[in-house]
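Peer 1: Encoded as structure tokens, here's the structure I'll be asking about.
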Amino acid sequence: MSALTVHGLLKTDDNSPHMTRRLTIAIDGPAGSGKSSVARRVAAMLGYLYLDSGAMYRALAVKALRRGTPLDDERGLEALAKETHIALKAPNAEQEAAGAKNSVFLDGADVTQEIRTSEVAQAASRLATIARVREVLVAEQQRAGAGGGVVMEGRDIGTVVFPKAELKIFLDAAPEVRAERRWKEHQEKGERITLPEVFDEVIERDKRDRERKVSPLVRAADAVLVDNTAMGIEETARLIVMLAQEREKEVTGVAEQKP
């Protein structure tokens, strides 16, 4: 059976008379909404652990490529996922500076850098479309978040992975703004692509994400809609942190009232 473990330093206030309930925070949204950057900042501000769900698929992709398991062999990949152990930890300073969201360990070996190759990324995107593989990894993600104190972002976190998360956010922005953000990312990487081309990509990605058969992008009924068209990462993160702190009080209060 596969296993996902998470490790991180979680802040607590030993002088407080009551232990504040630590939440599971799910952040969903379309491409270019800033989910990853915002989620990482929210986790840092709350002292929570940010879980990079995409890293799990990349780690499994590394193992599949090493084993030579065909990427269209659904049963073989399902079996591979069940025997795989993936551990996510807070990145060290060097890894964080290099852009790593988590330190990633595959069956005990550090693959943080290896999962960032284009070959692995392409393989991971194929694995993510296989329902049997998603079922295994989603179950592991759910176990990882069961104890709270985690932030995870994606496109089906609040609807499929953590449907009972104490706080769900649906992060969105105008497509023109999301396209500009993605375009600037391309520019920073030295990639030559025009803004109109990126805009078309964003629109196509939105369509694909919302219409895909496996875990489509849908706003959960109880998710708070946060439109950050006119907000930066820091302002967006502070808003979500405020919502989380209010929710922590509510959840803690309910727990204390129970006999």
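Residues in the structure tokens are named by chain (A, B, ... in the order shown) and by number from 1 within that chain; ligands are numbered from 1 in the order shown.
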Near Ala61 (chain A), within 10 Å and counting only C-alpha atoms, which residues show up once chain neighbours fewer than 6 positions away are dropped, as a PyMOL selection string?

Peer 2: chain A and resi 55+67+69+71+77+80-81+115+119-128

Peer 1: For the selection just defined, write its residues with N, CA and C atoms to a file, as a PDB file, in the first residue's frame.

Peer 2:
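Saved result, out12.pdb, follows:
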ATOM      1  N   ALA A  55       3.511  17.424  -7.004  1.00  0.00           N
ATOM      2  CA  ALA A  55       4.781  16.751  -6.757  1.00  0.00           C
ATOM      3  C   ALA A  55       4.576  15.252  -6.589  1.00  0.00           C
ATOM      4  N   ARG A  67      11.111   2.391 -14.006  1.00  0.00           N
ATOM      5  CA  ARG A  67      10.696   0.992 -14.152  1.00  0.00           C
ATOM      6  C   ARG A  67      10.371   0.632 -15.603  1.00  0.00           C
ATOM      7  N   THR A  69       7.518   1.399 -16.938  1.00  0.00           N
ATOM      8  CA  THR A  69       6.093   1.095 -16.975  1.00  0.00           C
ATOM      9  C   THR A  69       5.426   1.978 -18.022  1.00  0.00           C
ATOM     10  N   LEU A  71       3.063   4.393 -19.941  1.00  0.00           N
ATOM     11  CA  LEU A  71       2.174   5.413 -19.378  1.00  0.00           C
ATOM     12  C   LEU A  71       0.720   5.218 -19.781  1.00  0.00           C
ATOM     13  N   LEU A  77       0.149   0.995 -13.640  1.00  0.00           N
ATOM     14  CA  LEU A  77       0.431   2.243 -12.931  1.00  0.00           C
ATOM     15  C   LEU A  77      -0.318   2.303 -11.601  1.00  0.00           C
ATOM     16  N   LEU A  80       1.660   0.244  -9.282  1.00  0.00           N
ATOM     17  CA  LEU A  80       2.880   0.972  -8.938  1.00  0.00           C
ATOM     18  C   LEU A  80       2.581   2.017  -7.864  1.00  0.00           C
ATOM     19  N   ALA A  81       1.468   2.724  -8.033  1.00  0.00           N
ATOM     20  CA  ALA A  81       1.082   3.753  -7.060  1.00  0.00           C
ATOM     21  C   ALA A  81       0.839   3.146  -5.687  1.00  0.00           C
ATOM     22  N   ILE A 115      12.270  15.598 -10.148  1.00  0.00           N
ATOM     23  CA  ILE A 115      10.874  15.702 -10.581  1.00  0.00           C
ATOM     24  C   ILE A 115      10.614  16.952 -11.417  1.00  0.00           C
ATOM     25  N   GLU A 119      10.613  15.941 -19.023  1.00  0.00           N
ATOM     26  CA  GLU A 119      10.161  14.574 -19.284  1.00  0.00           C
ATOM     27  C   GLU A 119       9.252  14.081 -18.168  1.00  0.00           C
ATOM     28  N   VAL A 120       9.649  14.355 -16.936  1.00  0.00           N
ATOM     29  CA  VAL A 120       8.841  13.937 -15.783  1.00  0.00           C
ATOM     30  C   VAL A 120       7.526  14.715 -15.744  1.00  0.00           C
ATOM     31  N   ALA A 121       7.588  16.006 -16.045  1.00  0.00           N
ATOM     32  CA  ALA A 121       6.382  16.834 -16.040  1.00  0.00           C
ATOM     33  C   ALA A 121       5.347  16.313 -17.040  1.00  0.00           C
ATOM     34  N   GLN A 122       5.822  15.954 -18.226  1.00  0.00           N
ATOM     35  CA  GLN A 122       4.918  15.448 -19.257  1.00  0.00           C
ATOM     36  C   GLN A 122       4.322  14.104 -18.840  1.00  0.00           C
ATOM     37  N   ALA A 123       5.147  13.250 -18.240  1.00  0.00           N
ATOM     38  CA  ALA A 123       4.656  11.948 -17.785  1.00  0.00           C
ATOM     39  C   ALA A 123       3.641  12.127 -16.660  1.00  0.00           C
ATOM     40  N   ALA A 124       3.914  13.065 -15.757  1.00  0.00           N
ATOM     41  CA  ALA A 124       3.009  13.311 -14.631  1.00  0.00           C
ATOM     42  C   ALA A 124       1.650  13.787 -15.106  1.00  0.00           C
ATOM     43  N   SER A 125       1.636  14.622 -16.148  1.00  0.00           N
ATOM     44  CA  SER A 125       0.364  15.133 -16.651  1.00  0.00           C
ATOM     45  C   SER A 125      -0.483  14.001 -17.222  1.00  0.00           C
ATOM     46  N   ARG A 126       0.163  12.980 -17.754  1.00  0.00           N
ATOM     47  CA  ARG A 126      -0.567  11.824 -18.277  1.00  0.00           C
ATOM     48  C   ARG A 126      -1.080  10.960 -17.128  1.00  0.00           C
ATOM     49  N   LEU A 127      -0.266  10.787 -16.106  1.00  0.00           N
ATOM     50  CA  LEU A 127      -0.691   9.995 -14.945  1.00  0.00           C
ATOM     51  C   LEU A 127      -1.912  10.615 -14.272  1.00  0.00           C
ATOM     52  N   ALA A 128      -1.946  11.951 -14.240  1.00  0.00           N
ATOM     53  CA  ALA A 128      -3.026  12.662 -13.546  1.00  0.00           C
ATOM     54  C   ALA A 128      -4.379  12.466 -14.219  1.00  0.00           C
TER      55      ALA A 128
END

Peer 1: Please identify all polymer residues within 12 Å of Val111 (chain A), counting only C-alpha atoms, omitting same-chain residues fewer than 3 positions from it, and present them as a list in words.

Peer 2: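 The neighbour list is Ala55, Met56, Arg58, Ala59, Leu60, Ala61, Val62, Lys63, Ile86, Ala87, Leu88, Lys89, Gln95, Ala100, Asn102, Ser103, Val104, Phe105, Leu106, Asp107, Gly108, Glu114, Ile115, Arg116, Thr117 and Val120 of chain A.
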
Peer 1: Taking only C-alpha atoms into account, name the residue in A:Val177, A:Val161, A:Ile130, A:Ile240 that is nearest to Arg143 (chain A).

Peer 2: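 Nearest to Arg143 (chain A): A:Val161.
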
Peer 1: What is the CA of Glu250 (chain A) to CA of Thr24 (chain A) distance in Å?

Peer 2: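 According to the coordinates, CA of Glu250 (chain A) and CA of Thr24 (chain A) are separated by 13.9 Å.
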
Peer 1: Can you tell me which residues surround Arg182 (chain A) at a distance of at most 10 Å, considering only C-alpha atoms, apart from same-chain residues fewer than 4 positions away, and format the answer as a ChimeraX atom specification?

Peer 2: /A:31-34,177-178,186-188,195,198-199,201-202

Peer 1: Among the residues of region 9-168 of chain A, find those DSSP assigns to helix (DSSP H, G or I) from the backbone and print them as JSON, numbers by chain.

Peer 2: {"A": [35, 36, 37, 38, 39, 40, 41, 42, 43, 44, 45, 46, 53, 54, 55, 56, 57, 58, 59, 60, 61, 62, 63, 64, 65, 66, 67, 74, 75, 76, 77, 78, 79, 80, 81, 82, 93, 94, 95, 96, 97, 114, 115, 116, 118, 119, 120, 121, 122, 123, 124, 125, 126, 127, 131, 132, 133, 134, 135, 136, 137, 138, 139, 140, 141, 142, 143, 144, 145, 157, 158, 159, 160, 161]}

Peer 1: Quick one: pull the distance between CA of Met45 (chain A) and CA of Leu243 (chain A), Å, one decimal.

Peer 2: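 Result for CA of Met45 (chain A) versus CA of Leu243 (chain A): 12.6 Å, one decimal.
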
Peer 1: Could you please write out, as a PyMOL selection string, every residue of region 74-108 of chain A that DSSP assigns to strand (DSSP E)?

Peer 2: chain A and resi 85-89+103-106

Peer 1: Using only C-alpha atoms, find the one residue out of A:Pro175, A:Pro91, A:Gly54, A:Gly68 that sits nearest to Gln141 (chain A).

Peer 2: A:Gly54

Peer 1: List the spatial neighbours of Lys213 (chain A) as a PyMOL selection string - criterion: any atom at most 10 Å away, only C-alpha atoms, same-chain residues fewer than 5 positions off excluded.

Peer 2: chain A and resi 129+131+208

Peer 1: Limited to N, CA and C atoms, could you put the picked residues into a file as a PDB file, in the first residue's frame?

Peer 2:
ATOM      1  N   THR A 129      -4.400  11.979 -15.445  1.00  0.00           N
ATOM      2  CA  THR A 129      -5.669  11.770 -16.148  1.00  0.00           C
ATOM      3  C   THR A 129      -6.207  10.357 -15.952  1.00  0.00           C
ATOM      4  N   ALA A 131      -7.872   7.653 -13.868  1.00  0.00           N
ATOM      5  CA  ALA A 131      -8.748   7.621 -12.699  1.00  0.00           C
ATOM      6  C   ALA A 131      -8.226   6.700 -11.601  1.00  0.00           C
ATOM      7  N   ARG A 208     -10.546  23.077 -21.020  1.00  0.00           N
ATOM      8  CA  ARG A 208     -10.126  21.696 -20.783  1.00  0.00           C
ATOM      9  C   ARG A 208     -10.309  21.307 -19.316  1.00  0.00           C
TER      10      ARG A 208
END

Peer 1: Which residues are near Ala230 (chain A)? Cut-off 12 Å, only C-alpha atoms, ignore same chain within fewer than 3 positions. Put them as a count of residues only.

Peer 2: 13

Peer 1: Work out how far CA of Gly99 (chain A) is from CA of Glu191 (chain A), in Å to one decimal.

Peer 2: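 Separation of CA of Glu191 (chain A) and CA of Gly99 (chain A): 17.4 Å.
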
Peer 1: Fewer than 3 positions away in the same chain doesn't count, so skip those; otherwise give me all residues within 6 Å of Leu23 (chain A), counting only C-alpha atoms, as a PyMOL selection string.

Peer 2: chain A and resi 148-149+166
